[in-house]
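Enquirer: This is model-v6.csv, which holds CSV, C-alpha atoms:
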chain,number,residue,atom,x,y,z
A,998,MET,CA,77.3,121.3,103.6
A,999,ASN,CA,74.3,121.5,105.9
A,1000,ASP,CA,74.2,122.0,109.7
A,1001,THR,CA,73.8,118.3,110.4
A,1002,GLN,CA,76.9,117.5,108.3
A,1003,LEU,CA,78.9,120.3,110.0
A,1004,LEU,CA,78.1,118.7,113.3
A,1005,ARG,CA,78.7,115.1,112.2
A,1006,TYR,CA,82.1,115.8,110.7
A,1007,SER,CA,83.1,118.6,113.1
A,1008,ARG,CA,86.1,116.7,114.4
A,1009,HIS,CA,87.6,116.4,110.9
A,1010,ILE,CA,86.7,120.0,110.1
A,1011,LEU,CA,88.6,121.2,113.2
A,1012,LEU,CA,91.8,119.8,111.7
A,1013,ASP,CA,93.7,122.5,109.9
A,1014,GLN,CA,94.8,120.1,107.2
A,1015,ILE,CA,91.2,119.1,106.4
A,1016,GLY,CA,88.7,121.9,107.3
A,1017,ILE,CA,85.4,122.4,105.4
A,1018,GLU,CA,87.1,122.2,102.0
A,1019,GLY,CA,88.6,118.8,102.8
A,1020,GLN,CA,85.4,117.4,104.1
A,1021,GLU,CA,83.5,118.6,101.1
A,1022,ARG,CA,86.0,116.7,98.9
A,1023,LEU,CA,85.1,113.5,100.9
A,1024,LEU,CA,81.4,114.1,100.5
A,1025,ALA,CA,81.9,114.4,96.7
A,1026,ALA,CA,84.3,111.4,96.5
A,1027,ARG,CA,83.7,107.9,95.2
A,1028,ALA,CA,85.5,104.9,96.7
A,1029,LEU,CA,85.6,101.3,95.5
A,1030,VAL,CA,86.2,98.6,98.0
A,1031,ILE,CA,87.1,95.1,96.7
A,1032,GLY,CA,86.2,92.6,99.4
A,1033,ALA,CA,83.8,93.0,102.4
A,1034,GLY,CA,85.7,90.7,104.7
A,1035,GLY,CA,88.4,91.1,107.3
A,1036,LEU,CA,90.0,94.2,105.7
A,1037,GLY,CA,87.0,95.5,103.9
A,1038,SER,CA,84.9,95.7,107.0
A,1039,PRO,CA,87.0,98.2,109.0
A,1040,ALA,CA,88.1,100.0,105.9
A,1041,ALA,CA,84.5,100.6,104.6
A,1042,MET,CA,83.3,101.5,108.1
A,1043,TYR,CA,85.8,104.2,108.5
A,1044,LEU,CA,85.2,105.5,105.0
A,1045,ALA,CA,81.5,105.6,105.7
A,1046,SER,CA,81.9,107.3,109.1
A,1047,ALA,CA,84.2,109.9,107.5
A,1048,GLY,CA,81.6,110.8,104.9
A,1049,VAL,CA,82.9,109.5,101.6
A,1050,GLY,CA,79.9,110.3,99.4
A,1051,GLN,CA,79.7,107.0,97.5
A,1052,LEU,CA,81.0,103.6,98.6
A,1053,THR,CA,80.8,100.7,96.2
A,1054,LEU,CA,81.4,97.3,97.8
A,1055,VAL,CA,82.2,94.2,95.7
A,1056,ASP,CA,82.1,90.7,97.1
A,1057,ASP,CA,80.5,87.5,95.9
A,1058,ASP,CA,80.9,85.5,99.2
A,1059,THR,CA,78.4,84.9,102.0
A,1060,VAL,CA,78.8,85.4,105.7
A,1061,ASP,CA,80.1,82.3,107.5
A,1062,LEU,CA,80.3,81.7,111.2
A,1063,THR,CA,84.1,81.5,110.9
A,1064,ASN,CA,84.2,85.0,109.6
A,1065,LEU,CA,82.7,86.6,112.7
A,1066,GLN,CA,86.0,86.3,114.6
A,1067,ARG,CA,87.4,89.2,112.6
A,1068,GLN,CA,85.0,90.5,109.9
A,1069,ILE,CA,83.3,93.2,112.1
A,1070,ALA,CA,80.8,94.5,109.5
A,1071,HIS,CA,78.8,91.2,109.9
A,1072,THR,CA,76.7,89.7,112.7
A,1073,THR,CA,75.6,86.3,113.8
A,1074,ALA,CA,72.1,87.0,112.6
A,1075,ARG,CA,73.5,87.5,109.0
A,1076,VAL,CA,75.2,84.2,108.7
A,1077,GLY,CA,74.4,82.9,105.2
A,1078,GLN,CA,73.6,86.4,103.8
A,1079,PRO,CA,75.8,88.0,101.0
A,1080,LYS,CA,78.7,89.9,102.6
A,1081,ALA,CA,78.1,92.9,100.4
A,1082,ALA,CA,74.5,93.2,101.5
A,1083,SER,CA,75.4,92.6,105.1
A,1084,ALA,CA,78.1,95.2,105.1
A,1085,ARG,CA,75.8,97.7,103.4
A,1086,LEU,CA,73.4,97.4,106.4
A,1087,THR,CA,76.2,98.1,108.8
A,1088,LEU,CA,77.4,101.1,106.8
A,1089,ARG,CA,73.9,102.6,106.5
A,1090,ALA,CA,73.5,102.3,110.3
A,1091,ILE,CA,76.8,104.2,110.7
A,1092,ASN,CA,76.0,106.9,108.1
A,1093,PRO,CA,72.6,107.0,106.3
A,1094,GLU,CA,73.5,110.1,104.4
A,1095,ILE,CA,76.0,108.6,102.0
A,1096,GLU,CA,75.3,106.3,98.9
A,1097,ILE,CA,76.3,102.7,99.4
A,1098,VAL,CA,76.3,100.3,96.4
A,1099,ALA,CA,76.5,96.6,97.3
A,1100,LEU,CA,77.6,94.4,94.3
A,1101,GLU,CA,77.2,90.6,95.0
A,1102,GLU,CA,79.6,89.6,92.2
A,1103,ARG,CA,83.1,88.5,91.3
A,1104,ALA,CA,84.2,91.2,88.9
A,1105,ASP,CA,86.1,90.1,85.8
A,1106,ALA,CA,88.7,92.2,84.0
A,1107,ALA,CA,86.2,94.2,81.9
A,1108,ARG,CA,83.9,94.8,84.9
A,1109,LEU,CA,86.9,96.0,87.0
A,1110,LEU,CA,87.8,98.5,84.3
A,1111,GLU,CA,84.3,99.8,84.5
A,1112,LEU,CA,84.1,100.0,88.3
A,1113,VAL,CA,87.6,101.4,88.7
A,1114,GLY,CA,86.9,104.0,86.0
A,1115,ALA,CA,84.0,105.3,88.1
A,1116,ALA,CA,86.0,105.6,91.3
A,1117,ASP,CA,88.4,108.2,92.8
A,1118,VAL,CA,90.3,105.6,94.9
A,1119,VAL,CA,90.3,101.8,95.1
A,1120,LEU,CA,90.9,99.7,98.2
A,1121,ASP,CA,92.0,96.2,97.5
A,1122,CYS,CA,90.8,94.2,100.5
A,1123,SER,CA,90.8,90.8,98.7
A,1124,ASP,CA,92.6,87.7,99.9
A,1125,ASN,CA,94.3,86.3,96.7
A,1126,PHE,CA,96.9,87.3,94.3
A,1127,ALA,CA,94.8,86.8,91.2
A,1128,THR,CA,92.3,89.4,92.3
A,1129,ARG,CA,95.0,91.8,93.5
A,1130,HIS,CA,96.7,91.7,90.1
A,1131,ALA,CA,93.5,92.1,88.3
A,1132,VAL,CA,92.6,95.1,90.4
A,1133,ASN,CA,96.1,96.6,89.9
A,1134,ARG,CA,95.9,96.3,86.1
A,1135,ALA,CA,92.6,98.1,86.1
A,1136,CYS,CA,93.9,100.9,88.4
A,1137,VAL,CA,97.0,101.4,86.1
A,1138,ALA,CA,94.8,101.4,83.0
A,1139,ARG,CA,92.4,103.9,84.5
A,1140,GLY,CA,95.0,106.0,86.4
A,1141,VAL,CA,93.2,105.5,89.7
A,1142,PRO,CA,95.2,105.2,93.0
A,1143,LEU,CA,95.1,101.8,94.7
A,1144,VAL,CA,95.4,101.2,98.4
A,1145,SER,CA,96.5,97.6,99.0
A,1146,GLY,CA,96.4,95.6,102.3
A,1147,ALA,CA,97.0,92.0,103.3
A,1148,VAL,CA,97.1,90.1,106.6
A,1149,ILE,CA,97.9,86.5,107.5
A,1150,ARG,CA,98.7,84.9,110.8
A,1151,PHE,CA,100.4,87.7,112.8
A,1152,ASP,CA,101.7,89.6,109.8
A,1153,GLY,CA,100.2,92.5,108.0
A,1154,GLN,CA,101.2,94.9,105.2
A,1155,VAL,CA,99.8,98.0,103.5
A,1156,SER,CA,100.9,100.2,100.6
A,1157,VAL,CA,99.7,102.7,98.1
A,1158,PHE,CA,100.2,102.3,94.3
A,1159,ASP,CA,99.4,105.6,92.6
A,1160,PRO,CA,99.7,105.5,88.8
A,1161,ARG,CA,99.3,109.3,88.7
A,1162,GLY,CA,103.0,109.6,89.6
A,1163,ALA,CA,105.3,109.2,86.6
A,1164,ALA,CA,107.9,107.2,88.7
A,1165,ALA,CA,105.4,105.4,91.0
A,1166,PRO,CA,105.5,101.6,91.1
A,1167,CYS,CA,102.5,99.5,90.7
A,1168,TYR,CA,101.6,96.3,92.6
A,1169,SER,CA,103.1,94.2,89.9
A,1170,CYS,CA,106.5,95.9,90.4
A,1171,LEU,CA,106.5,94.6,94.0
A,1172,PHE,CA,104.9,91.2,93.3
A,1173,PRO,CA,105.5,90.4,89.6
A,1174,GLN,CA,102.4,88.8,88.1
A,1175,ASP,CA,104.4,86.3,86.1
A,1176,GLN,CA,105.9,84.8,89.3
A,1177,ARG,CA,104.1,82.3,91.4
A,1178,PHE,CA,103.1,83.3,94.9
A,1179,GLU,CA,101.1,80.9,97.1
A,1180,ASP,CA,97.9,82.3,98.5
A,1181,ALA,CA,97.9,81.7,102.2
A,1182,ALA,CA,94.2,81.2,103.2
A,1183,CYS,CA,92.9,82.1,106.6
A,1184,SER,CA,91.0,78.9,106.7
A,1185,SER,CA,94.3,76.9,106.8
A,1186,MET,CA,96.9,79.4,108.2
A,1187,GLY,CA,94.8,81.4,110.6
A,1188,VAL,CA,94.8,85.1,111.3
A,1189,PHE,CA,95.1,87.2,114.4
A,1190,ALA,CA,91.8,89.1,114.4
A,1191,PRO,CA,92.8,92.6,115.5
A,1192,LEU,CA,95.5,92.8,112.7
A,1193,VAL,CA,92.8,93.0,110.0
A,1194,GLY,CA,91.4,95.9,111.9
A,1195,VAL,CA,94.7,97.7,112.1
A,1196,VAL,CA,95.5,97.2,108.4
A,1197,GLY,CA,92.0,97.9,107.2
A,1198,ALA,CA,91.9,101.1,109.2
A,1199,MET,CA,95.2,102.1,107.7
A,1200,GLN,CA,93.9,101.5,104.3
A,1201,ALA,CA,91.0,103.8,105.1
A,1202,ALA,CA,93.4,106.4,106.4
A,1203,GLU,CA,95.5,106.3,103.2
A,1204,ALA,CA,92.4,106.4,101.0
A,1205,LEU,CA,91.0,109.5,102.9
A,1206,LYS,CA,94.4,111.3,102.6
A,1207,LEU,CA,94.4,110.6,98.9
A,1208,LEU,CA,90.9,111.9,98.4
A,1209,MET,CA,91.5,115.1,100.4
A,1210,GLY,CA,95.0,115.6,99.0
A,1211,VAL,CA,96.6,115.9,102.4
A,1212,GLY,CA,99.9,114.5,103.9
A,1213,ARG,CA,102.2,112.0,102.3
A,1214,SER,CA,100.9,108.7,101.1
A,1215,LEU,CA,102.5,105.3,101.3
A,1216,ALA,CA,103.2,105.4,97.5
A,1217,GLY,CA,106.7,103.9,97.0
A,1218,ARG,CA,106.8,102.3,100.4
A,1219,LEU,CA,105.6,99.0,101.8
A,1220,LEU,CA,104.7,99.2,105.5
A,1221,MET,CA,104.9,95.8,107.3
A,1222,LEU,CA,103.6,94.9,110.8
A,1223,ASP,CA,104.9,92.0,112.9
A,1224,GLY,CA,101.9,91.8,115.2
A,1225,LEU,CA,103.4,89.1,117.4
A,1226,ASN,CA,106.2,91.5,118.5
A,1227,MET,CA,104.2,94.7,117.6
A,1228,GLU,CA,107.0,96.0,115.4
A,1229,TRP,CA,106.7,98.1,112.2
A,1230,SER,CA,109.1,98.1,109.4
A,1231,SER,CA,109.2,100.0,106.1
A,1232,ILE,CA,110.9,99.2,102.8
A,1233,GLY,CA,111.1,101.3,99.6
A,1234,VAL,CA,109.4,100.0,96.5
A,1235,ALA,CA,110.9,101.2,93.2
A,1236,ARG,CA,109.2,101.1,89.8
A,1237,ASP,CA,110.3,98.2,87.6
A,1238,PRO,CA,111.2,99.7,84.2
A,1239,ALA,CA,110.4,96.3,82.7
A,1240,CYS,CA,107.1,95.9,84.5
A,1241,PRO,CA,104.6,94.6,81.9
A,1242,VAL,CA,101.7,96.4,83.6
A,1243,CYS,CA,103.0,100.0,84.3
A,1244,ALA,CA,106.2,100.4,82.3
A,1245,ALA,CA,106.2,103.0,79.5
A,1246,PRO,CA,106.1,101.6,76.0
A,1247,PRO,CA,109.4,101.5,74.2
A,1248,GLN,CA,110.3,104.7,72.3
A,1249,GLY,CA,111.2,104.7,68.7
The structure given in the file should be rewritten as structure tokens.
Expert:
Amino acid sequence: MNDTQLLRYSRHILLDQIGIEGQERLLAARALVIGAGGLGSPAAMYLASAGVGQLTLVDDDTVDLTNLQRQIAHTTARVGQPKAASARLTLRAINPEIEIVALEERADAARLLELVGAADVVLDCSDNFATRHAVNRACVARGVPLVSGAVIRFDGQVSVFDPRGAAAPCYSCLFPQDQRFEDAACSSMGVFAPLVGVVGAMQAAEALKLLMGVGRSLAGRLLMLDGLNMEWSSIGVARDPACPVCAAPPQG
């Protein structure tokens, strides 16, 4: 770590739980962020500012005027531009020392396996169940921890699904992929702008903790926020022994 990095990350280095060793782990880490919108914007910005060495952003959408109410990585001047490329410009302005890969694509199952396999942590900042389940399957297959977040209206939730733990649940244990869940779109349901910042920042916090190996993650817990009354609640999430994604194959 050079003198500039020691200064840039000094407020992390001052923390006993992080120090120089923890910061060096971040500098050597690789994070994959699926979605560069409401959640992906604050999550990626905090990962960049914290010094995660390589950030890969995946998003096939373009910046729309309606996004600017909450998707803080984008600007009015970038309306019509790819979100991944727009977010990359913002992240480079925050921290030009890290590597930022912007992928303007919708990754299929095979591509997700490739991308997840090259990451140390994955942040699911998407807005639909199909993508969430696809990302979850790839994370389970590759043994990479997943930080999942979601926000709609005044409600938010965040959790960690870490397949490295023998008894840890996966996303499909909580929301079975064979059950139908309706995707609630911001375009029709609305979303309270600051909540995506709160949840996205928490996703970044959980990802940083995982990368540095500090504290207790949200694995096995679902944290929910009622933003209208500003109340947090937490429920335990157990592994489903019959989960088709993460359950151990039958013995015999």
Enquirer: Please determine, counting only C-alpha atoms, which residue among A:Gly1212, A:Pro1191, A:Gly1048, A:Pro1241 has the shortest atom-to-atom distance to A:Ala1025.
Expert: A:Gly1048
Enquirer: Excluding A:Ile1031 and its own-chain neighbours fewer than 5 positions away, which residues fall within 9 Å of it when counting only C-alpha atoms? Please give them as number ranges by chain.
Expert: A: 1037, 1053-1056, 1119-1123, 1128, 1132
Enquirer: So which one's closest to A:Ala1115, A:Leu1192, A:Val1155, A:Gly1197, A:Ala1026? Using all atoms listed in the file, please.
Expert: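 So, comparing all the options, the nearest one is A:Ala1026.
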Enquirer: Between atom CA of A:Ala1074 and atom CA of A:Arg1005, measure the distance and give it in Å to one decimal.
Expert: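 Atom CA of A:Arg1005 lies 28.9 Å from atom CA of A:Ala1074.
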Enquirer: Given the choices A:Gly1019, A:Gly1194, A:Gly1233, A:Pro1093, which gets closest to A:Ala1147 if the distance is worked out from only C-alpha atoms?
Expert: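 The answer is A:Gly1194, which sits nearest to A:Ala1147.
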Enquirer: Expressed in Å to a single decimal, how great is the separation between atom CA of A:Asn1133 and atom CA of A:Cys1167?
Expert: 7.1 Å
Enquirer: The residues within 9 Å of (75.8, 86.0, 107.1), using only C-alpha atoms and the coordinates of the file, should be reported as a short mmCIF file (atom, residue, chain, number, x, y, z; two decimals) with C-alpha atoms, in the coordinates of the input; which are they?
Expert:
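Full text of result-v4.cif as output:
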data_model
loop_
_atom_site.label_atom_id
_atom_site.label_comp_id
_atom_site.auth_asym_id
_atom_site.auth_seq_id
_atom_site.Cartn_x
_atom_site.Cartn_y
_atom_site.Cartn_z
CA THR A 1059 78.40 84.90 102.00
CA VAL A 1060 78.80 85.40 105.70
CA ASP A 1061 80.10 82.30 107.50
CA LEU A 1062 80.30 81.70 111.20
CA ASN A 1064 84.20 85.00 109.60
CA LEU A 1065 82.70 86.60 112.70
CA HIS A 1071 78.80 91.20 109.90
CA THR A 1072 76.70 89.70 112.70
CA THR A 1073 75.60 86.30 113.80
CA ALA A 1074 72.10 87.00 112.60
CA ARG A 1075 73.50 87.50 109.00
CA VAL A 1076 75.20 84.20 108.70
CA GLY A 1077 74.40 82.90 105.20
CA GLN A 1078 73.60 86.40 103.80
CA PRO A 1079 75.80 88.00 101.00
CA LYS A 1080 78.70 89.90 102.60
CA SER A 1083 75.40 92.60 105.10
#
Enquirer: Env of stretch 1158-1161 of chain A: 6 Å cut, atoms = all atoms listed in the file, seq-sep filter 3 positions within chain, self excluded. Answer as JSON, numbers by chain.
Expert: {"A": [1137, 1140, 1142, 1143, 1167, 1216]}
Enquirer: Neighbours of A:Arg1085 within 7 Å (only C-alpha atoms; same-chain residues fewer than 4 positions away dropped), as a PyMOL selection string?
Expert: chain A and resi 1081+1089+1097+1099
Enquirer: From the set A:Asp1124, A:Asp1223, A:Glu1111, A:Glu1018, which residue has the shortest atom-to-atom contact distance to A:Phe1151, counting only C-alpha atoms?
Expert: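 The closest residue to A:Phe1151 is A:Asp1223.
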Enquirer: Identify, on the basis of only C-alpha atoms, every residue whose closest approach to A:Ala1028 does not exceed 6 Å; exclude the query and any residue fewer than 3 positions from it along the same chain; express the result as JSON, numbers by chain.
Expert: {"A": [1052, 1116, 1117, 1118, 1119]}
Enquirer: As an exercise, work out the distance from atom CA of A:Lys1206 to atom CA of A:Leu1023 in Å and give it to one decimal place.
Expert: 9.7 Å
Enquirer: List every protein, DNA or RNA residue that has an atom no more than 6 Å from (93.8, 101.5, 100.1) in the file's coordinate frame, counting all atoms listed in the file, and report them as a list in words.
Expert: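 The answer, in the requested form, is Leu1120, Leu1143, Val1144, Ser1145, Gln1200, Glu1203 and Ala1204 of chain A.
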Enquirer: Residues near A:Thr1001, anyone? I mean within 12 Å using only C-alpha atoms, not counting same-chain ones fewer than 4 positions away, as an MDAnalysis selection string.
Expert: chainID A and resid 1005:1007 1092 1094
Enquirer: For a quick check of understanding, using all atoms listed in the file, which of A:Ala1244, A:Leu1012, A:Ala1198, A:Val1193 has the smallest distance to A:Gly1035?
Expert: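 That would be A:Val1193, the residue with the smallest distance to A:Gly1035.
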Enquirer: Between A:Asn1226, A:Gln1154, A:Ser1214, A:Gln1176, single out the one closest to A:Phe1126, counting only C-alpha atoms.
Expert: A:Gln1176
Enquirer: Using the incomplete input, complete stretch 1119-1147 of chain A to the level of N, CA and C atoms; output as an mmCIF file, in the frame of the given file.
Expert:
data_model
loop_
_atom_site.group_PDB
_atom_site.id
_atom_site.type_symbol
_atom_site.label_atom_id
_atom_site.label_comp_id
_atom_site.auth_asym_id
_atom_site.auth_seq_id
_atom_site.Cartn_x
_atom_site.Cartn_y
_atom_site.Cartn_z
ATOM 1 N N VAL A 1119 90.656 103.239 94.988
ATOM 2 C CA VAL A 1119 90.300 101.800 95.100
ATOM 3 C C VAL A 1119 91.027 101.228 96.287
ATOM 4 N N LEU A 1120 90.300 100.471 97.091
ATOM 5 C CA LEU A 1120 90.900 99.700 98.200
ATOM 6 C C LEU A 1120 90.806 98.260 97.912
ATOM 7 N N ASP A 1121 91.966 97.630 97.767
ATOM 8 C CA ASP A 1121 92.000 96.200 97.500
ATOM 9 C C ASP A 1121 92.029 95.483 98.875
ATOM 10 N N CYS A 1122 90.902 94.917 99.245
ATOM 11 C CA CYS A 1122 90.800 94.200 100.500
ATOM 12 C C CYS A 1122 90.505 92.712 100.233
ATOM 13 N N SER A 1123 91.001 92.234 99.095
ATOM 14 C CA SER A 1123 90.800 90.800 98.700
ATOM 15 C C SER A 1123 91.826 89.948 99.411
ATOM 16 N N ASP A 1124 91.741 88.647 99.141
ATOM 17 C CA ASP A 1124 92.600 87.700 99.900
ATOM 18 C C ASP A 1124 93.352 86.758 98.927
ATOM 19 N N ASN A 1125 93.542 87.153 97.654
ATOM 20 C CA ASN A 1125 94.300 86.300 96.700
ATOM 21 C C ASN A 1125 94.996 87.106 95.685
ATOM 22 N N PHE A 1126 96.098 86.561 95.186
ATOM 23 C CA PHE A 1126 96.900 87.300 94.300
ATOM 24 C C PHE A 1126 96.285 87.535 92.910
ATOM 25 N N ALA A 1127 95.463 86.600 92.449
ATOM 26 C CA ALA A 1127 94.800 86.800 91.200
ATOM 27 C C ALA A 1127 93.948 88.039 91.158
ATOM 28 N N THR A 1128 93.160 88.211 92.205
ATOM 29 C CA THR A 1128 92.300 89.400 92.300
ATOM 30 C C THR A 1128 93.157 90.654 92.455
ATOM 31 N N ARG A 1129 94.193 90.602 93.287
ATOM 32 C CA ARG A 1129 95.000 91.800 93.500
ATOM 33 C C ARG A 1129 95.673 92.235 92.190
ATOM 34 N N HIS A 1130 96.140 91.290 91.394
ATOM 35 C CA HIS A 1130 96.700 91.700 90.100
ATOM 36 C C HIS A 1130 95.710 92.207 89.143
ATOM 37 N N ALA A 1131 94.534 91.631 89.133
ATOM 38 C CA ALA A 1131 93.500 92.100 88.300
ATOM 39 C C ALA A 1131 93.070 93.539 88.626
ATOM 40 N N VAL A 1132 92.936 93.799 89.914
ATOM 41 C CA VAL A 1132 92.600 95.100 90.400
ATOM 42 C C VAL A 1132 93.714 96.120 90.035
ATOM 43 N N ASN A 1133 94.956 95.693 90.229
ATOM 44 C CA ASN A 1133 96.100 96.600 89.900
ATOM 45 C C ASN A 1133 96.105 96.939 88.436
ATOM 46 N N ARG A 1134 95.881 95.964 87.563
ATOM 47 C CA ARG A 1134 95.900 96.300 86.100
ATOM 48 C C ARG A 1134 94.808 97.279 85.779
ATOM 49 N N ALA A 1135 93.645 97.133 86.388
ATOM 50 C CA ALA A 1135 92.600 98.100 86.100
ATOM 51 C C ALA A 1135 92.910 99.468 86.625
ATOM 52 N N CYS A 1136 93.536 99.554 87.795
ATOM 53 C CA CYS A 1136 93.900 100.900 88.400
ATOM 54 C C CYS A 1136 94.961 101.549 87.501
ATOM 55 N N VAL A 1137 95.933 100.785 87.012
ATOM 56 C CA VAL A 1137 97.000 101.400 86.100
ATOM 57 C C VAL A 1137 96.315 101.838 84.841
ATOM 58 N N ALA A 1138 95.442 101.027 84.279
ATOM 59 C CA ALA A 1138 94.800 101.400 83.000
ATOM 60 C C ALA A 1138 93.931 102.640 83.150
ATOM 61 N N ARG A 1139 93.288 102.806 84.294
ATOM 62 C CA ARG A 1139 92.400 103.900 84.500
ATOM 63 C C ARG A 1139 93.048 105.120 85.219
ATOM 64 N N GLY A 1140 94.288 104.930 85.683
ATOM 65 C CA GLY A 1140 95.000 106.000 86.400
ATOM 66 C C GLY A 1140 94.368 106.356 87.724
ATOM 67 N N VAL A 1141 93.895 105.330 88.444
ATOM 68 C CA VAL A 1141 93.200 105.500 89.700
ATOM 69 C C VAL A 1141 94.126 104.965 90.847
ATOM 70 N N PRO A 1142 94.366 105.717 91.924
ATOM 71 C CA PRO A 1142 95.200 105.200 93.000
ATOM 72 C C PRO A 1142 94.622 104.000 93.700
ATOM 73 N N LEU A 1143 95.518 103.084 94.080
ATOM 74 C CA LEU A 1143 95.100 101.800 94.700
ATOM 75 C C LEU A 1143 95.763 101.738 96.096
ATOM 76 N N VAL A 1144 94.941 101.418 97.084
ATOM 77 C CA VAL A 1144 95.400 101.200 98.400
ATOM 78 C C VAL A 1144 95.302 99.693 98.709
ATOM 79 N N SER A 1145 96.441 99.045 98.911
ATOM 80 C CA SER A 1145 96.500 97.600 99.000
ATOM 81 C C SER A 1145 96.831 97.161 100.444
ATOM 82 N N GLY A 1146 96.138 96.151 100.940
ATOM 83 C CA GLY A 1146 96.400 95.600 102.300
ATOM 84 C C GLY A 1146 96.358 94.104 102.264
ATOM 85 N N ALA A 1147 97.064 93.486 103.207
ATOM 86 C CA ALA A 1147 97.000 92.000 103.300
ATOM 87 C C ALA A 1147 97.400 91.651 104.762
#
